[in-house]
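Colleague: Take a look at the following structure, please.
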Amino acid sequence: KNDIDLIKKAFNGDKVKLRMINAVYGPGGDADWFLKEGSTINAYDHRFTQRTIKVVFDGALGSRGAALLKPYSDAPDTSGYLTEKPADLKPMFEEALRRGLQVETHAIGDRANRLIVDLYEQAFKAVPPEQRKVREPRWRVEHAQIVDLADIPRFAKLGVIPSMQPSHAISDLFFAPARLGMDRLAGAYAWQSFLKSGAIICGGSDAPVERGEPMIEFYAAIARKSIKGESSDGWHSEQAVSREQALKMFTIWPAYAAFEESDKGSIEVGKLADFTVLSQDIMTIPEPKILNTRCIMTVIGGEVAFDATKN
């Protein structure tokens with residue numbers, strides 16, 4: 001709540017030009033407050049929205065904290081851990097549906113992903129559409145890095161959106177095979193499998209854990225190689241996406257995931273005129289050149305907010 005007060009103070013002082021979507025961590029006191037307070041949509045001239053509860057459900061793969069269905073291949077004495085008790089999440093999820101709030105849950109390991117999809121499904125059954133403030137809640141799983149192949153189709157079936165960061169597939173390239181073994185890599189960073197199952201992918205950068213550079217994310221999605229062009233055995237190059245799919249991962253699909261596809265995500269009459277001008281055509285240039293593409297102009301609401309020729 002203190003963060004929200006600071007954000008609103010900045011907007012009230014007319015100091016912020018960017019559009020911001022904020023999430024409240026739950027379960028806990030902040031989420032309890034938010035469930036009572038309700039969402040804020042398009043405040044400050046469409047610059048601030050808060051409609052989401054963020055849950056952290058397991059650890060990370062690098063530290064062997066991601067919750068796996070079977071032990072780590074390089075540490076047979078552990079299979080990671082959950083950071084929340086499912087019983088503590090259930091009432092919050094059901095109330096979020098009644099109040100029209102979105103839920104996004106950090107889940108990296110295949111056990112965490114299976115359990116969170118189970119919990120989402122249980123909440124959807126407990127609070128059917130006619131009892132929800134938002135009939136199609138567009139709940140998300142943040143990262144969805146390692147998912148059992150049997151669970152991938154469940155996302156699209158339930159309308160759950162995998163929110164994924166392609167750079168994870170290149171930053172994890174050199175240790176994920178050891179952590180997971182060859183078999184589990186089939187469901188790791190499985191972008192194309194998600195798309196073929198009917199899901200959309202909300203692309204992101206995971207800054208500040210990753211560098212937060214959009215061109216690295218776009219490159220990782222289509223090349224599925226390190227920034228030096230490296231790959232490894234069992235890295236499933238078939239999971240790379242096309243440039244058209246990658247473009248949607250960073251434009252119209254995240255807009256949909258934020259309930260803003262009518263306002264953002266494409267350049268069309270009636271939308272907010274938020275766009276970026278790049279130094280090269282990333283849809284046609286060779287893959288390695290994507291990495292040295294730069295932003296030369298940023299437009300927010302039709303107003304030039306950044307111009308490289310003047311900076």
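Identifiers in this document derive from the order of the structure tokens: chains are assigned A, B, ..., residues are numbered from 1 separately in each chain, and ligands are numbered from 1 in order of occurrence.
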Please return, as a PyMOL selection string, all residues of stretch 236-292 of chain A that DSSP assigns to strand (DSSP E) on the basis of the backbone.
Modeller: chain A and resi 275-278
Colleague: Fewer than 4 positions away in the same chain doesn't count, so skip those; otherwise give me all residues within 12 Å of A:Asp3, counting only C-alpha atoms, as a list in words.
Modeller: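 After dropping sequence-adjacent residues, the list is Ile7, Lys8, Lys9, Ala10, Asn22, Ala23, Val24, Tyr25, Asp30 and Gln50 of chain A.
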Colleague: What are the DSSP alpha helix (DSSP H) residues of stretch 120-257 of chain A, as a VMD selection string?
Modeller: chain A and resid 120 to 126 152 to 158 168 to 171 176 to 184 191 to 196 214 to 223 243 to 249 252 to 257
Colleague: So that I can check the surroundings of A:Val127, please list as a PyMOL selection string every protein, DNA and RNA residue that reaches within 9 Å of it, counting only C-alpha atoms and ignoring chain neighbours fewer than 2 positions away.
Modeller: chain A and resi 94-95+97-98+122-125+129-132
Colleague: Kindly export the residues of the current selection with N, CA, C and O atoms, as an mmCIF file, in the first residue's frame.
Modeller:
```cif
data_model
loop_
_atom_site.group_PDB
_atom_site.id
_atom_site.type_symbol
_atom_site.label_atom_id
_atom_site.label_comp_id
_atom_site.auth_asym_id
_atom_site.auth_seq_id
_atom_site.Cartn_x
_atom_site.Cartn_y
_atom_site.Cartn_z
ATOM 1 N N GLU A 94 -10.725 -17.270 -4.706
ATOM 2 C CA GLU A 94 -12.177 -17.234 -4.896
ATOM 3 C C GLU A 94 -12.716 -15.816 -4.709
ATOM 4 O O GLU A 94 -13.567 -15.360 -5.470
ATOM 5 N N GLU A 95 -12.189 -15.108 -3.717
ATOM 6 C CA GLU A 95 -12.644 -13.728 -3.496
ATOM 7 C C GLU A 95 -12.182 -12.818 -4.634
ATOM 8 O O GLU A 95 -12.907 -11.890 -5.035
ATOM 9 N N LEU A 97 -11.956 -13.613 -7.756
ATOM 10 C CA LEU A 97 -12.916 -13.799 -8.839
ATOM 11 C C LEU A 97 -14.194 -13.008 -8.577
ATOM 12 O O LEU A 97 -14.738 -12.363 -9.480
ATOM 13 N N ARG A 98 -14.670 -13.050 -7.364
ATOM 14 C CA ARG A 98 -15.908 -12.317 -7.036
ATOM 15 C C ARG A 98 -15.712 -10.807 -7.176
ATOM 16 O O ARG A 98 -16.649 -10.084 -7.544
ATOM 17 N N GLN A 122 -9.742 -25.077 -9.629
ATOM 18 C CA GLN A 122 -10.650 -25.239 -8.495
ATOM 19 C C GLN A 122 -11.389 -23.938 -8.189
ATOM 20 O O GLN A 122 -12.588 -23.944 -7.890
ATOM 21 N N ALA A 123 -10.685 -22.820 -8.265
ATOM 22 C CA ALA A 123 -11.324 -21.524 -8.021
ATOM 23 C C ALA A 123 -12.362 -21.213 -9.089
ATOM 24 O O ALA A 123 -13.465 -20.722 -8.780
ATOM 25 N N PHE A 124 -12.036 -21.516 -10.352
ATOM 26 C CA PHE A 124 -12.987 -21.267 -11.435
ATOM 27 C C PHE A 124 -14.273 -22.084 -11.250
ATOM 28 O O PHE A 124 -15.374 -21.622 -11.567
ATOM 29 N N LYS A 125 -14.117 -23.311 -10.752
ATOM 30 C CA LYS A 125 -15.292 -24.157 -10.517
ATOM 31 C C LYS A 125 -16.091 -23.667 -9.306
ATOM 32 O O LYS A 125 -17.321 -23.704 -9.299
ATOM 33 N N PRO A 129 -18.779 -18.318 -13.803
ATOM 34 C CA PRO A 129 -18.805 -16.998 -14.446
ATOM 35 C C PRO A 129 -19.907 -16.062 -13.967
ATOM 36 O O PRO A 129 -19.683 -14.863 -13.807
ATOM 37 N N GLU A 130 -21.092 -16.605 -13.714
ATOM 38 C CA GLU A 130 -22.196 -15.726 -13.312
ATOM 39 C C GLU A 130 -22.004 -15.118 -11.924
ATOM 40 O O GLU A 130 -22.693 -14.154 -11.557
ATOM 41 N N GLN A 131 -21.040 -15.652 -11.153
ATOM 42 C CA GLN A 131 -20.760 -15.102 -9.821
ATOM 43 C C GLN A 131 -19.523 -14.205 -9.809
ATOM 44 O O GLN A 131 -19.127 -13.696 -8.750
ATOM 45 N N ARG A 132 -18.918 -13.992 -10.980
ATOM 46 C CA ARG A 132 -17.694 -13.202 -11.070
ATOM 47 C C ARG A 132 -18.003 -11.785 -11.547
ATOM 48 O O ARG A 132 -18.907 -11.580 -12.350
#
```
Colleague: Determine the nearest neighbour of A:Met283 from the options A:Ala305, A:Gly38, A:Ile222, A:Leu89, counting only C-alpha atoms.
Modeller: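 Checking each of A:Ala305, A:Gly38, A:Ile222, A:Leu89 against A:Met283, counting only C-alpha atoms, the winner is A:Ile222.
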Colleague: Hey, which of A:Gly159, A:Gly229, A:Gly198, A:Gly270 ends up closest to A:Gly301? Count only C-alpha atoms.
Modeller: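 Using only C-alpha atoms, A:Gly301 sits closest to A:Gly270.
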Colleague: Mind checking which residues fall within 7 Å of stretch 250-258 of chain A, counting only C-alpha atoms, ignoring those fewer than 4 positions away in the same chain, and posting them as a PyMOL selection string?
Modeller: chain A and resi 138+200-204+246+264-266
Colleague: Set the distance at 10 Å and use only C-alpha atoms: which residues neighbour A:Ser232 once local chain neighbours fewer than 6 positions away are removed? I'd like the list as a JSON list (two decimals) with C-alpha atoms, in the first residue's frame.
Modeller:
```
[["chain", "number", "residue", "atom", "x", "y", "z"],
["A", 173, "LEU", "CA", 21.04, -22.52, -21.31],
["A", 174, "PHE", "CA", 24.23, -23.54, -19.57],
["A", 177, "PRO", "CA", 20.22, -29.43, -18.73],
["A", 225, "LYS", "CA", 20.42, -19.30, -28.76],
["A", 226, "SER", "CA", 22.71, -17.33, -26.48]]
```
Colleague: I want to know what sits within 10 Å of A:Ile296, based on only C-alpha atoms, with residues of the same chain fewer than 2 positions away left out; could you give that as an NGL selection string?
Modeller: :A and (276-280 or 293-294 or 298 or 306-311)
Colleague: Could you write out the selected residues, including C-alpha atoms, as an mmCIF file, in the first residue's frame?
Modeller:
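Written out: part-v1.cif:
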```cif
data_model
loop_
_atom_site.group_PDB
_atom_site.id
_atom_site.type_symbol
_atom_site.label_atom_id
_atom_site.label_comp_id
_atom_site.auth_asym_id
_atom_site.auth_seq_id
_atom_site.Cartn_x
_atom_site.Cartn_y
_atom_site.Cartn_z
ATOM 1 C CA THR A 276 8.575 2.739 -30.595
ATOM 2 C CA VAL A 277 10.663 3.463 -33.672
ATOM 3 C CA LEU A 278 13.670 1.155 -34.080
ATOM 4 C CA SER A 279 16.940 1.674 -35.935
ATOM 5 C CA GLN A 280 16.491 -1.479 -38.053
ATOM 6 C CA THR A 293 19.097 -2.610 -32.940
ATOM 7 C CA ARG A 294 18.369 0.501 -30.899
ATOM 8 C CA THR A 298 9.414 6.568 -28.263
ATOM 9 C CA PHE A 306 12.207 10.235 -26.490
ATOM 10 C CA ASP A 307 14.087 11.222 -29.643
ATOM 11 C CA ALA A 308 17.626 9.873 -30.041
ATOM 12 C CA THR A 309 18.520 12.652 -32.452
ATOM 13 C CA LYS A 310 17.876 15.218 -29.719
ATOM 14 C CA ASN A 311 19.449 13.357 -26.790
#
```
Colleague: Would you mind telling me which residue in A:Pro286, A:Gly80, A:Pro27, A:Pro166 lies nearest to A:Ala67 when using only C-alpha atoms?
Modeller: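 For A:Ala67, the nearest of the given residues is A:Gly80.
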Colleague: So which residues touch A:Pro86 within 12 Å, counting only C-alpha atoms, skipping near sequence neighbours fewer than 5 positions away, as a list of chain:residue names?
Modeller: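 Once the adjacent positions are removed, what remains is A:Pro27, A:Val55, A:Val56, A:Phe57, A:Asp58, A:Pro91, A:Met92, A:Phe93, A:Ala112, A:Arg114, A:Leu115, A:Ile116, A:Val117, A:Asp118, A:Leu119, A:Tyr120, A:Gln122, A:Ala123.
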Colleague: Could you check which of A:Arg47, A:Lys90, A:Arg243, A:His236 is closest to A:Asp14, using only C-alpha atoms?
Modeller: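 Answer, going by the shortest atom-to-atom distance: A:Arg47.
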Colleague: Mind giving me the straight-line distance from atom CA of A:Ile53 to atom CA of A:Leu101 in Å, one decimal?
Modeller: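 For atom CA of A:Ile53 relative to atom CA of A:Leu101, the distance reads 7.2 Å.
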Colleague: Kindly give the distance, in Å, that separates atom CA of A:Arg179 and atom CA of A:Val141, rounded to a single decimal.
Modeller: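 Distance between the two atoms: 21.5 Å.
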Colleague: Atom CA of A:Arg224 and atom CA of A:Ala240, how far apart in Å?
Modeller: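 It comes out at 5.7 Å.
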Colleague: For A:Leu158, which residue out of A:Ala60, A:Ala199, A:Arg184, A:Ile146 is the nearest one, using only C-alpha atoms?
Modeller: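 Of the candidates, the smallest distance to A:Leu158 is held by A:Ala199.
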